[in-house]
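So this block is protein.cif, mmCIF, C-alpha atoms:
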```
data_model
loop_
_atom_site.group_PDB
_atom_site.id
_atom_site.type_symbol
_atom_site.label_atom_id
_atom_site.label_comp_id
_atom_site.auth_asym_id
_atom_site.auth_seq_id
_atom_site.Cartn_x
_atom_site.Cartn_y
_atom_site.Cartn_z
ATOM 1 C CA MET G 1 88.310 19.925 3.156
ATOM 2 C CA ALA G 2 91.106 20.349 5.698
ATOM 3 C CA GLU G 3 91.562 17.636 8.301
ATOM 4 C CA LEU G 4 90.008 18.282 11.715
ATOM 5 C CA MET G 5 92.250 18.441 14.787
ATOM 6 C CA SER G 6 90.652 18.355 18.243
ATOM 7 C CA HIS G 7 92.340 19.841 21.303
ATOM 8 C CA SER G 8 91.630 19.629 25.022
ATOM 9 C CA SER G 9 93.564 20.175 28.257
ATOM 10 C CA LEU G 10 92.344 16.951 29.844
ATOM 11 C CA PHE G 11 95.598 16.561 31.784
ATOM 12 C CA LEU G 12 94.408 19.379 34.086
ATOM 13 C CA LEU G 13 91.594 17.151 35.396
ATOM 14 C CA PRO G 14 92.184 14.722 38.289
ATOM 15 C CA THR G 15 90.830 11.715 36.383
ATOM 16 C CA PRO G 16 90.774 12.707 32.717
ATOM 17 C CA ILE G 17 88.773 10.889 30.110
ATOM 18 C CA ASN G 18 91.257 9.703 27.512
ATOM 19 C CA PRO G 19 89.229 8.988 24.357
ATOM 20 C CA SER G 20 92.276 9.083 22.101
ATOM 21 C CA LYS G 21 94.298 6.727 24.339
ATOM 22 C CA ALA G 22 96.952 9.419 24.502
ATOM 23 C CA THR G 23 100.418 8.725 25.868
ATOM 24 C CA TYR G 24 101.689 11.610 27.985
ATOM 25 C CA GLY G 25 105.315 12.585 28.361
ATOM 26 C CA LEU G 26 106.211 15.197 30.998
ATOM 27 C CA ILE G 27 109.289 17.422 30.737
ATOM 28 C CA VAL G 28 110.331 19.489 33.758
ATOM 29 C CA LEU G 29 112.290 22.649 32.960
ATOM 30 C CA ASN G 30 114.478 24.857 35.139
ATOM 31 C CA HIS G 31 111.906 27.461 36.113
ATOM 32 C CA ARG G 32 109.353 27.732 38.896
ATOM 33 C CA LEU G 33 107.026 24.755 38.540
ATOM 34 C CA PRO G 34 103.227 25.010 38.532
ATOM 35 C CA SER G 35 101.664 24.091 41.873
ATOM 36 C CA PHE G 36 99.751 21.316 40.082
ATOM 37 C CA THR G 37 102.910 19.559 38.816
ATOM 38 C CA PRO G 38 102.115 16.447 40.939
ATOM 39 C CA LEU G 39 98.921 16.046 38.904
ATOM 40 C CA LEU G 40 100.832 16.289 35.621
ATOM 41 C CA TRP G 41 103.303 13.729 36.977
ATOM 42 C CA LYS G 42 100.475 11.316 37.786
ATOM 43 C CA HIS G 43 99.139 11.425 34.236
ATOM 44 C CA ALA G 44 102.517 10.943 32.515
ATOM 45 C CA GLN G 45 103.898 7.608 31.331
ATOM 46 C CA LEU G 46 107.390 9.028 30.676
ATOM 47 C CA ARG G 47 109.001 11.731 32.844
ATOM 48 C CA LEU G 48 112.096 13.738 31.999
ATOM 49 C CA CYS G 49 113.998 16.579 33.608
ATOM 50 C CA ALA G 50 115.845 18.975 31.336
ATOM 51 C CA ASP G 51 119.167 19.576 33.120
ATOM 52 C CA GLY G 52 118.433 22.068 35.940
ATOM 53 C CA GLY G 53 114.807 20.976 35.916
ATOM 54 C CA ALA G 54 116.044 18.201 38.196
ATOM 55 C CA ASN G 55 116.915 20.846 40.806
ATOM 56 C CA ARG G 56 113.371 22.181 40.571
ATOM 57 C CA LEU G 57 111.892 18.717 40.997
ATOM 58 C CA TYR G 58 114.146 17.983 43.971
ATOM 59 C CA ASP G 59 113.489 21.325 45.713
ATOM 60 C CA GLU G 60 109.910 22.211 44.857
ATOM 61 C CA ILE G 61 107.878 18.984 44.781
ATOM 62 C CA PRO G 62 108.281 18.456 48.572
ATOM 63 C CA GLU G 63 107.033 22.032 49.055
ATOM 64 C CA MET G 64 103.873 21.149 47.127
ATOM 65 C CA LEU G 65 103.225 18.174 49.431
ATOM 66 C CA PRO G 66 104.001 19.707 52.847
ATOM 67 C CA ASN G 67 102.227 16.996 54.838
ATOM 68 C CA GLU G 68 104.537 14.281 53.546
ATOM 69 C CA ASP G 69 108.132 13.464 54.392
ATOM 70 C CA PRO G 70 110.410 15.244 51.858
ATOM 71 C CA ILE G 71 112.609 12.183 51.362
ATOM 72 C CA ASP G 72 109.601 9.974 50.661
ATOM 73 C CA VAL G 73 108.318 12.527 48.152
ATOM 74 C CA ARG G 74 111.667 12.687 46.343
ATOM 75 C CA LEU G 75 111.847 8.902 46.191
ATOM 76 C CA ARG G 76 108.368 8.740 44.682
ATOM 77 C CA PHE G 77 108.938 11.526 42.176
ATOM 78 C CA LYS G 78 111.940 9.989 40.444
ATOM 79 C CA PRO G 79 112.411 11.029 36.802
ATOM 80 C CA ASP G 80 113.060 8.360 34.199
ATOM 81 C CA VAL G 81 115.679 10.498 32.446
ATOM 82 C CA ILE G 82 117.694 13.651 33.071
ATOM 83 C CA LYS G 83 118.962 15.049 29.792
ATOM 84 C CA GLY G 84 120.761 18.217 28.706
ATOM 85 C CA ASP G 85 124.121 19.919 28.648
ATOM 86 C CA MET G 86 124.417 19.498 32.448
ATOM 87 C CA ASP G 87 125.572 23.035 33.169
ATOM 88 C CA SER G 88 122.834 23.720 35.740
ATOM 89 C CA ILE G 89 122.074 20.550 37.675
ATOM 90 C CA ARG G 90 123.634 20.462 41.153
ATOM 91 C CA ARG G 91 126.061 17.647 41.890
ATOM 92 C CA GLU G 92 124.121 16.339 44.891
ATOM 93 C CA VAL G 93 120.888 16.297 42.880
ATOM 94 C CA ARG G 94 122.523 14.419 40.017
ATOM 95 C CA GLU G 95 123.978 11.859 42.414
ATOM 96 C CA PHE G 96 120.678 11.459 44.267
ATOM 97 C CA TYR G 97 118.704 10.552 41.149
ATOM 98 C CA ALA G 98 121.528 8.500 39.615
ATOM 99 C CA ASN G 99 121.554 6.350 42.754
ATOM 100 C CA LEU G 100 117.819 5.788 42.312
ATOM 101 C CA GLY G 101 118.380 4.507 38.779
ATOM 102 C CA THR G 102 117.482 7.601 36.752
ATOM 103 C CA GLU G 103 119.212 7.588 33.362
ATOM 104 C CA ILE G 104 121.570 10.562 33.085
ATOM 105 C CA LEU G 105 122.243 11.637 29.497
ATOM 106 C CA ASP G 106 124.976 14.269 29.156
ATOM 107 C CA GLU G 107 124.793 16.086 25.822
ATOM 108 C CA SER G 108 127.199 18.902 26.643
ATOM 109 C CA ASP G 109 128.816 18.388 23.219
ATOM 110 C CA ASP G 110 125.635 19.732 21.574
ATOM 111 C CA GLN G 111 125.368 23.488 22.072
ATOM 112 C CA ASP G 112 123.171 24.103 19.012
ATOM 113 C CA THR G 113 119.920 22.893 20.576
ATOM 114 C CA THR G 114 118.206 23.741 23.853
ATOM 115 C CA ASP G 115 117.693 21.261 26.666
ATOM 116 C CA LEU G 116 113.971 21.182 25.855
ATOM 117 C CA HIS G 117 114.779 20.307 22.234
ATOM 118 C CA LYS G 118 117.001 17.474 23.446
ATOM 119 C CA CYS G 119 114.251 16.095 25.676
ATOM 120 C CA VAL G 120 111.536 16.283 23.011
ATOM 121 C CA ALA G 121 113.825 14.515 20.540
ATOM 122 C CA PHE G 122 114.446 11.791 23.132
ATOM 123 C CA ILE G 123 110.716 11.209 23.661
ATOM 124 C CA LYS G 124 110.116 11.144 19.914
ATOM 125 C CA ASN G 125 112.881 8.578 19.434
ATOM 126 C CA CYS G 126 111.563 6.490 22.340
ATOM 127 C CA THR G 127 108.128 6.213 20.734
ATOM 128 C CA PRO G 128 108.895 5.562 17.048
ATOM 129 C CA ASN G 129 105.966 3.193 16.603
ATOM 130 C CA LEU G 130 103.436 5.365 18.405
ATOM 131 C CA GLU G 131 101.034 7.259 16.195
ATOM 132 C CA LYS G 132 101.946 10.930 16.477
ATOM 133 C CA SER G 133 98.324 11.819 17.101
ATOM 134 C CA ASN G 134 98.447 9.787 20.340
ATOM 135 C CA LEU G 135 101.582 11.380 21.790
ATOM 136 C CA ARG G 136 101.173 14.400 24.066
ATOM 137 C CA ILE G 137 104.142 16.193 25.625
ATOM 138 C CA ILE G 138 103.512 18.490 28.585
ATOM 139 C CA VAL G 139 106.271 20.934 29.544
ATOM 140 C CA ALA G 140 106.206 22.303 33.106
ATOM 141 C CA GLY G 141 108.062 25.496 33.961
ATOM 142 C CA ALA G 142 108.155 26.552 30.302
ATOM 143 C CA LEU G 143 106.832 30.100 30.670
ATOM 144 C CA GLY G 144 107.898 33.042 32.797
ATOM 145 C CA GLY G 145 111.424 34.046 33.701
ATOM 146 C CA ARG G 146 113.855 34.988 30.958
ATOM 147 C CA PHE G 147 112.204 36.007 27.709
ATOM 148 C CA ASP G 148 114.917 34.406 25.561
ATOM 149 C CA HIS G 149 114.226 31.083 27.262
ATOM 150 C CA GLU G 150 110.502 31.458 26.540
ATOM 151 C CA MET G 151 111.204 32.171 22.884
ATOM 152 C CA GLY G 152 113.516 29.163 22.720
ATOM 153 C CA ASN G 153 110.678 27.021 24.070
ATOM 154 C CA VAL G 154 108.216 28.407 21.509
ATOM 155 C CA ASN G 155 110.779 27.694 18.792
ATOM 156 C CA VAL G 156 110.766 24.029 19.856
ATOM 157 C CA LEU G 157 107.002 23.960 19.213
ATOM 158 C CA LEU G 158 107.676 24.959 15.612
ATOM 159 C CA LYS G 159 110.600 22.563 15.163
ATOM 160 C CA PHE G 160 108.413 19.673 16.339
ATOM 161 C CA SER G 161 105.096 20.859 14.939
ATOM 162 C CA ASP G 162 104.185 17.247 14.104
ATOM 163 C CA ILE G 163 104.019 16.486 17.856
ATOM 164 C CA ARG G 164 101.420 17.891 20.232
ATOM 165 C CA ILE G 165 103.416 19.851 22.818
ATOM 166 C CA THR G 166 101.881 22.058 25.496
ATOM 167 C CA LEU G 167 103.933 24.664 27.384
ATOM 168 C CA LEU G 168 102.705 25.365 30.912
ATOM 169 C CA SER G 169 103.195 27.853 33.699
ATOM 170 C CA GLU G 170 101.230 28.475 36.879
ATOM 171 C CA ASP G 171 98.949 30.891 35.035
ATOM 172 C CA CYS G 172 98.571 29.796 31.412
ATOM 173 C CA LEU G 173 99.284 27.235 28.727
ATOM 174 C CA LEU G 174 100.004 27.453 25.029
ATOM 175 C CA TYR G 175 100.422 25.204 22.018
ATOM 176 C CA ILE G 176 100.593 25.332 18.237
ATOM 177 C CA LEU G 177 97.580 25.129 15.952
ATOM 178 C CA PRO G 178 99.261 23.911 12.739
ATOM 179 C CA ARG G 179 98.141 25.431 9.461
ATOM 180 C CA GLY G 180 96.355 23.217 7.020
ATOM 181 C CA HIS G 181 93.874 21.941 9.625
ATOM 182 C CA ARG G 182 90.515 22.882 11.030
ATOM 183 C CA HIS G 183 90.802 23.102 14.804
ATOM 184 C CA GLU G 184 88.244 22.425 17.532
ATOM 185 C CA ILE G 185 89.299 23.395 21.050
ATOM 186 C CA CYS G 186 87.226 21.947 23.892
ATOM 187 C CA ILE G 187 87.232 24.506 26.720
ATOM 188 C CA LEU G 188 87.348 22.986 30.206
ATOM 189 C CA SER G 189 85.854 26.040 31.880
ATOM 190 C CA SER G 190 86.361 24.669 35.395
ATOM 191 C CA VAL G 191 90.151 24.766 35.022
ATOM 192 C CA GLU G 192 90.923 27.144 32.144
ATOM 193 C CA GLY G 193 89.856 30.460 30.670
ATOM 194 C CA PRO G 194 88.272 32.824 30.104
ATOM 195 C CA HIS G 195 91.271 34.849 28.873
ATOM 196 C CA CYS G 196 92.856 33.601 25.670
ATOM 197 C CA GLY G 197 94.813 34.628 22.596
ATOM 198 C CA LEU G 198 95.669 33.623 19.033
ATOM 199 C CA ILE G 199 99.051 34.737 17.746
ATOM 200 C CA PRO G 200 100.543 34.117 14.283
ATOM 201 C CA ILE G 201 103.971 32.544 14.551
ATOM 202 C CA GLY G 202 106.559 31.998 11.846
ATOM 203 C CA ILE G 203 104.698 33.834 9.083
ATOM 204 C CA PRO G 204 101.808 36.320 9.015
ATOM 205 C CA SER G 205 98.283 35.017 8.605
ATOM 206 C CA LYS G 206 96.405 36.302 5.583
ATOM 207 C CA SER G 207 93.159 34.662 6.689
ATOM 208 C CA THR G 208 92.016 33.438 10.121
ATOM 209 C CA THR G 209 88.426 32.649 11.090
ATOM 210 C CA THR G 210 87.167 31.673 14.557
ATOM 211 C CA THR G 211 83.971 30.912 16.444
ATOM 212 C CA GLY G 212 83.335 30.810 20.181
ATOM 213 C CA LEU G 213 85.310 33.921 21.174
ATOM 214 C CA GLN G 214 84.205 37.296 22.485
ATOM 215 C CA TRP G 215 85.915 38.930 19.510
ATOM 216 C CA ASP G 216 85.783 36.411 16.684
ATOM 217 C CA LEU G 217 87.896 36.749 13.571
ATOM 218 C CA THR G 218 86.362 36.488 10.105
ATOM 219 C CA ASP G 219 88.833 35.953 7.298
ATOM 220 C CA SER G 220 91.118 38.317 9.240
ATOM 221 C CA ALA G 221 94.773 39.048 8.563
ATOM 222 C CA MET G 222 97.157 38.921 11.544
ATOM 223 C CA GLU G 223 100.822 39.814 11.872
ATOM 224 C CA PHE G 224 103.219 41.447 14.281
ATOM 225 C CA GLY G 225 103.075 45.173 13.688
ATOM 226 C CA GLY G 226 99.401 44.765 12.840
ATOM 227 C CA LEU G 227 96.483 42.877 14.373
ATOM 228 C CA ILE G 228 97.101 39.971 16.752
ATOM 229 C CA SER G 229 94.287 38.501 18.824
ATOM 230 C CA THR G 230 95.571 38.935 22.368
ATOM 231 C CA SER G 231 93.370 39.641 25.424
ATOM 232 C CA ASN G 232 90.450 37.764 23.886
ATOM 233 C CA ILE G 233 87.846 35.834 25.908
ATOM 234 C CA VAL G 234 86.270 32.419 25.344
ATOM 235 C CA ARG G 235 82.465 32.523 25.231
ATOM 236 C CA GLU G 236 81.585 28.966 24.185
ATOM 237 C CA GLU G 237 82.503 25.460 25.333
ATOM 238 C CA LYS G 238 83.988 24.859 21.892
ATOM 239 C CA VAL G 239 86.233 27.244 19.979
ATOM 240 C CA THR G 240 86.933 26.664 16.289
ATOM 241 C CA VAL G 241 89.903 28.057 14.388
ATOM 242 C CA SER G 242 90.884 27.932 10.727
ATOM 243 C CA SER G 243 93.979 29.725 9.442
ATOM 244 C CA ASP G 244 96.474 29.722 6.601
ATOM 245 C CA SER G 245 99.394 30.037 9.058
ATOM 246 C CA ASP G 246 100.591 28.373 12.249
ATOM 247 C CA LEU G 247 99.025 30.028 15.281
ATOM 248 C CA LEU G 248 99.875 29.964 18.959
ATOM 249 C CA TRP G 249 96.805 29.281 21.098
ATOM 250 C CA THR G 250 97.088 30.423 24.703
ATOM 251 C CA ILE G 251 94.545 30.335 27.521
ATOM 252 C CA SER G 252 94.640 31.229 31.196
ATOM 253 C CA ILE G 253 94.600 28.517 33.864
ATOM 254 C CA ARG G 254 92.301 28.488 36.896
ATOM 255 C CA LYS G 255 94.935 27.001 39.199
ATOM 256 C CA GLU G 256 92.709 27.318 42.271
ATOM 257 C CA ASN G 257 90.345 24.745 40.748
ATOM 258 C CA ILE G 258 92.973 22.122 39.897
ATOM 259 C CA TYR G 259 93.151 19.210 42.312
ATOM 260 C CA SER G 260 95.095 15.977 42.148
#
```

Re-express the file's structure as structure tokens.
Amino acid sequence: MAELMSHSSLFLLPTPINPSKATYGLIVLNHRLPSFTPLLWKHAQLRLCADGGANRLYDEIPEMLPNEDPIDVRLRFKPDVIKGDMDSIRREVREFYANLGTEILDESDDQDTTDLHKCVAFIKNCTPNLEKSNLRIIVAGALGGRFDHEMGNVNVLLKFSDIRITLLSEDCLLYILPRGHRHEICILSSVEGPHCGLIPIGIPSKSTTTTGLQWDLTDSAMEFGGLISTSNIVREEKVTVSSDSDLLWTISIRKENIYS
């Protein structure tokens, strides 16, 4: 029988239960950040900005905490690492964080991988002895904006399918359900849902079966140009998925219910 993988968006809760003793890494990308980014920051043990993501952190985090002094906020929200090809970060932002001790890693010689790829590889190399099942990478500002950037981010999920990576925007999240596993998704209905989707990625699915959805699949084939399970709705606290292909799981976020 295929190995069971359990999934939950516990990082959206103010004080999440962490039964798996997960280690969270946060990557900030160069797109509008979710309003709950300070909560993601609080849960993370390692925090990176991908190139121009440092501009977003510098500009937008003070806006999310309007009752605090902007300088104090920027001092508190100091990334551990800024990594990328450095074609987007502003000079004053780079100097500000460098003076605070942030490690600046210029990889402008590598134009074959995206800045997100570079950051995920860094986290993976920084945690070589950590069991992969315990590592969670959360990517803020990963969805919305340019479609080619979104597709590049989804491609990183496939390249690092052995690591649990969640892409986040203000309105939704998504991650890979790797083939060869049975999946149980715990739905935190206070902060996510009900809208959801299952999308085959990489190769078509000849057989996908689910429980817990408004429109469940039973040994169903899915492919682009045919059926894909978008605009579905979660109906149970637990959703199960089994498939012969990698699937993207996406679910809407109830941002108004997320508090730090």

Evaluate the PyMOL selection byres ((chain G and resi 45) around 7) against this structure - the residues, as a VMD selection string, please. chain G and resid 23 to 25 43 to 44 46 to 47

Expected file: the selected residues, C-alpha atoms, as a short mmCIF file (atom, residue, chain, number, x, y, z; two decimals), keeping the file's coordinate frame:
```
data_model
loop_
_atom_site.label_atom_id
_atom_site.label_comp_id
_atom_site.auth_asym_id
_atom_site.auth_seq_id
_atom_site.Cartn_x
_atom_site.Cartn_y
_atom_site.Cartn_z
CA THR G 23 100.42 8.72 25.87
CA TYR G 24 101.69 11.61 27.98
CA GLY G 25 105.32 12.58 28.36
CA HIS G 43 99.14 11.42 34.24
CA ALA G 44 102.52 10.94 32.52
CA LEU G 46 107.39 9.03 30.68
CA ARG G 47 109.00 11.73 32.84
#
```

Can you turn the PyMOL selection byres ((chain G and resi 80-95) around 10) into a concrete residue list for this file, as a compact mmCIF listing (two decimals) with C-alpha atoms, in the coordinates of the input?
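Generated output (selection.txt):
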```
# COMPACT_ATOMS: atom_id res chain seq x y z
CA ILE G 27 109.29 17.42 30.74
CA VAL G 28 110.33 19.49 33.76
CA ASN G 30 114.48 24.86 35.14
CA GLN G 45 103.90 7.61 31.33
CA LEU G 46 107.39 9.03 30.68
CA ARG G 47 109.00 11.73 32.84
CA LEU G 48 112.10 13.74 32.00
CA CYS G 49 114.00 16.58 33.61
CA ALA G 50 115.84 18.98 31.34
CA ASP G 51 119.17 19.58 33.12
CA GLY G 52 118.43 22.07 35.94
CA GLY G 53 114.81 20.98 35.92
CA ALA G 54 116.04 18.20 38.20
CA ASN G 55 116.92 20.85 40.81
CA ARG G 56 113.37 22.18 40.57
CA LEU G 57 111.89 18.72 41.00
CA TYR G 58 114.15 17.98 43.97
CA ASP G 59 113.49 21.32 45.71
CA PHE G 77 108.94 11.53 42.18
CA LYS G 78 111.94 9.99 40.44
CA PRO G 79 112.41 11.03 36.80
CA PHE G 96 120.68 11.46 44.27
CA TYR G 97 118.70 10.55 41.15
CA ALA G 98 121.53 8.50 39.62
CA ASN G 99 121.55 6.35 42.75
CA LEU G 100 117.82 5.79 42.31
CA GLY G 101 118.38 4.51 38.78
CA THR G 102 117.48 7.60 36.75
CA GLU G 103 119.21 7.59 33.36
CA ILE G 104 121.57 10.56 33.08
CA LEU G 105 122.24 11.64 29.50
CA ASP G 106 124.98 14.27 29.16
CA GLU G 107 124.79 16.09 25.82
CA SER G 108 127.20 18.90 26.64
CA ASP G 109 128.82 18.39 23.22
CA ASP G 110 125.64 19.73 21.57
CA GLN G 111 125.37 23.49 22.07
CA THR G 113 119.92 22.89 20.58
CA THR G 114 118.21 23.74 23.85
CA ASP G 115 117.69 21.26 26.67
CA LEU G 116 113.97 21.18 25.86
CA HIS G 117 114.78 20.31 22.23
CA LYS G 118 117.00 17.47 23.45
CA CYS G 119 114.25 16.10 25.68
CA PHE G 122 114.45 11.79 23.13
```

For range 171-184 of chain G, find every residue with an atom within 9 Å (counting only C-alpha atoms), except residues of its own chain fewer than 5 positions away, and show them as a ChimeraX atom specification. /G:1-8,34,143,154,157-158,161-162,164-166,192-193,196,201,238-255

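For the pair CA of Thr209 in chain G and CA of Gly152 in chain G, the interatomic distance is 27.9 Å.
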
Translate the PyMOL selection byres ((chain G and resi 214-218) around 7) into a concrete residue list for this structure, as JSON, numbers by chain. {"G": [208, 209, 210, 211, 212, 213, 219, 220, 232, 233, 234, 235]}

Using only C-alpha atoms, the residue out of G:Ile228, G:Ser205, G:Met151, G:Ile163 with shortest distance to Asn134 in chain G is G:Ile163

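Take CA of Gly197 in chain G and CA of Ser229 in chain G: the distance between them is 5.4 Å.
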
Two-atom distance - CA of Leu12 in chain G, CA of Val73 in chain G (Å): 20.9 Å

Give the answer as one residue: which of G:Leu13, G:Ser231, G:Leu40, G:His31 has the shortest atom-to-atom distance to Arg136 in chain G, using all atoms listed in the file? G:Leu40

Using all atoms listed in the file, which of the listed residues (G:Met64, G:Met222, G:Ile138, G:Val120) sits closest to Ser207 in chain G?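 Using all atoms listed in the file, the shortest distance to Ser207 in chain G belongs to G:Met222.
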
Using all atoms listed in the file, which residue out of G:Pro194, G:Gly226, G:Pro200, G:Pro38 lies closest to Arg74 in chain G?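 So, comparing all the options, the nearest one is G:Pro38.
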
Top pick for closest residue to Val191 in chain G, considering G:Leu10, G:Lys42, G:Asp69, G:Gly141 and counting only C-alpha atoms: G:Leu10

Would you mind completing range 117-125 of chain G so that it carries all heavy atoms, and writing it out as a PDB file, in the frame of the given file?
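Okay, result_17.pdb is ready:
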```pdb
ATOM      1  N   HIS G 117     114.666  20.979  23.531  1.00  0.00           N
ATOM      2  CA  HIS G 117     114.779  20.307  22.234  1.00  0.00           C
ATOM      3  C   HIS G 117     115.345  18.906  22.417  1.00  0.00           C
ATOM      4  O   HIS G 117     114.832  17.933  21.825  1.00  0.00           O
ATOM      5  CB  HIS G 117     115.673  21.130  21.312  1.00  0.00           C
ATOM      6  CG  HIS G 117     115.812  20.598  19.920  1.00  0.00           C
ATOM      7  ND1 HIS G 117     116.566  19.477  19.622  1.00  0.00           N
ATOM      8  CD2 HIS G 117     115.298  21.030  18.735  1.00  0.00           C
ATOM      9  CE1 HIS G 117     116.512  19.244  18.324  1.00  0.00           C
ATOM     10  NE2 HIS G 117     115.759  20.160  17.765  1.00  0.00           N
ATOM     11  N   LYS G 118     116.383  18.787  23.212  1.00  0.00           N
ATOM     12  CA  LYS G 118     117.001  17.474  23.446  1.00  0.00           C
ATOM     13  C   LYS G 118     116.007  16.496  24.066  1.00  0.00           C
ATOM     14  O   LYS G 118     115.966  15.310  23.698  1.00  0.00           O
ATOM     15  CB  LYS G 118     118.228  17.634  24.354  1.00  0.00           C
ATOM     16  CG  LYS G 118     119.385  18.427  23.744  1.00  0.00           C
ATOM     17  CD  LYS G 118     120.496  18.612  24.774  1.00  0.00           C
ATOM     18  CE  LYS G 118     121.741  19.282  24.196  1.00  0.00           C
ATOM     19  NZ  LYS G 118     121.498  20.680  23.783  1.00  0.00           N
ATOM     20  N   CYS G 119     115.203  16.974  25.009  1.00  0.00           N
ATOM     21  CA  CYS G 119     114.251  16.095  25.676  1.00  0.00           C
ATOM     22  C   CYS G 119     113.100  15.689  24.748  1.00  0.00           C
ATOM     23  O   CYS G 119     112.671  14.528  24.759  1.00  0.00           O
ATOM     24  CB  CYS G 119     113.711  16.777  26.928  1.00  0.00           C
ATOM     25  SG  CYS G 119     114.900  16.887  28.287  1.00  0.00           S
ATOM     26  N   VAL G 120     112.603  16.620  23.955  1.00  0.00           N
ATOM     27  CA  VAL G 120     111.536  16.283  23.011  1.00  0.00           C
ATOM     28  C   VAL G 120     112.045  15.266  21.991  1.00  0.00           C
ATOM     29  O   VAL G 120     111.346  14.294  21.659  1.00  0.00           O
ATOM     30  CB  VAL G 120     111.013  17.548  22.306  1.00  0.00           C
ATOM     31  CG1 VAL G 120     110.057  17.169  21.175  1.00  0.00           C
ATOM     32  CG2 VAL G 120     110.312  18.462  23.302  1.00  0.00           C
ATOM     33  N   ALA G 121     113.249  15.463  21.497  1.00  0.00           N
ATOM     34  CA  ALA G 121     113.825  14.515  20.540  1.00  0.00           C
ATOM     35  C   ALA G 121     113.958  13.128  21.165  1.00  0.00           C
ATOM     36  O   ALA G 121     113.711  12.111  20.501  1.00  0.00           O
ATOM     37  CB  ALA G 121     115.186  15.015  20.062  1.00  0.00           C
ATOM     38  N   PHE G 122     114.323  13.076  22.441  1.00  0.00           N
ATOM     39  CA  PHE G 122     114.446  11.791  23.132  1.00  0.00           C
ATOM     40  C   PHE G 122     113.093  11.083  23.190  1.00  0.00           C
ATOM     41  O   PHE G 122     112.991   9.888  22.893  1.00  0.00           O
ATOM     42  CB  PHE G 122     114.989  12.007  24.547  1.00  0.00           C
ATOM     43  CG  PHE G 122     115.108  10.742  25.353  1.00  0.00           C
ATOM     44  CD1 PHE G 122     116.250   9.965  25.279  1.00  0.00           C
ATOM     45  CD2 PHE G 122     114.077  10.322  26.174  1.00  0.00           C
ATOM     46  CE1 PHE G 122     116.359   8.786  26.015  1.00  0.00           C
ATOM     47  CE2 PHE G 122     114.175   9.152  26.911  1.00  0.00           C
ATOM     48  CZ  PHE G 122     115.321   8.381  26.824  1.00  0.00           C
ATOM     49  N   ILE G 123     112.043  11.817  23.580  1.00  0.00           N
ATOM     50  CA  ILE G 123     110.716  11.209  23.661  1.00  0.00           C
ATOM     51  C   ILE G 123     110.264  10.728  22.291  1.00  0.00           C
ATOM     52  O   ILE G 123     109.714   9.629  22.144  1.00  0.00           O
ATOM     53  CB  ILE G 123     109.700  12.203  24.259  1.00  0.00           C
ATOM     54  CG1 ILE G 123     110.040  12.494  25.723  1.00  0.00           C
ATOM     55  CG2 ILE G 123     108.281  11.655  24.133  1.00  0.00           C
ATOM     56  CD1 ILE G 123     109.142  13.534  26.366  1.00  0.00           C
ATOM     57  N   LYS G 124     110.508  11.528  21.277  1.00  0.00           N
ATOM     58  CA  LYS G 124     110.116  11.144  19.914  1.00  0.00           C
ATOM     59  C   LYS G 124     110.829   9.872  19.481  1.00  0.00           C
ATOM     60  O   LYS G 124     110.217   8.971  18.895  1.00  0.00           O
ATOM     61  CB  LYS G 124     110.427  12.284  18.949  1.00  0.00           C
ATOM     62  CG  LYS G 124     109.975  12.031  17.519  1.00  0.00           C
ATOM     63  CD  LYS G 124     110.232  13.242  16.642  1.00  0.00           C
ATOM     64  CE  LYS G 124     109.738  13.008  15.219  1.00  0.00           C
ATOM     65  NZ  LYS G 124     109.956  14.185  14.349  1.00  0.00           N
ATOM     66  N   ASN G 125     112.113   9.763  19.810  1.00  0.00           N
ATOM     67  CA  ASN G 125     112.881   8.578  19.434  1.00  0.00           C
ATOM     68  C   ASN G 125     112.491   7.363  20.263  1.00  0.00           C
ATOM     69  O   ASN G 125     112.653   6.225  19.819  1.00  0.00           O
ATOM     70  CB  ASN G 125     114.377   8.850  19.591  1.00  0.00           C
ATOM     71  CG  ASN G 125     114.895   9.852  18.578  1.00  0.00           C
ATOM     72  OD1 ASN G 125     114.320  10.015  17.508  1.00  0.00           O
ATOM     73  ND2 ASN G 125     115.973  10.543  18.920  1.00  0.00           N
TER      74      ASN G 125
END
```
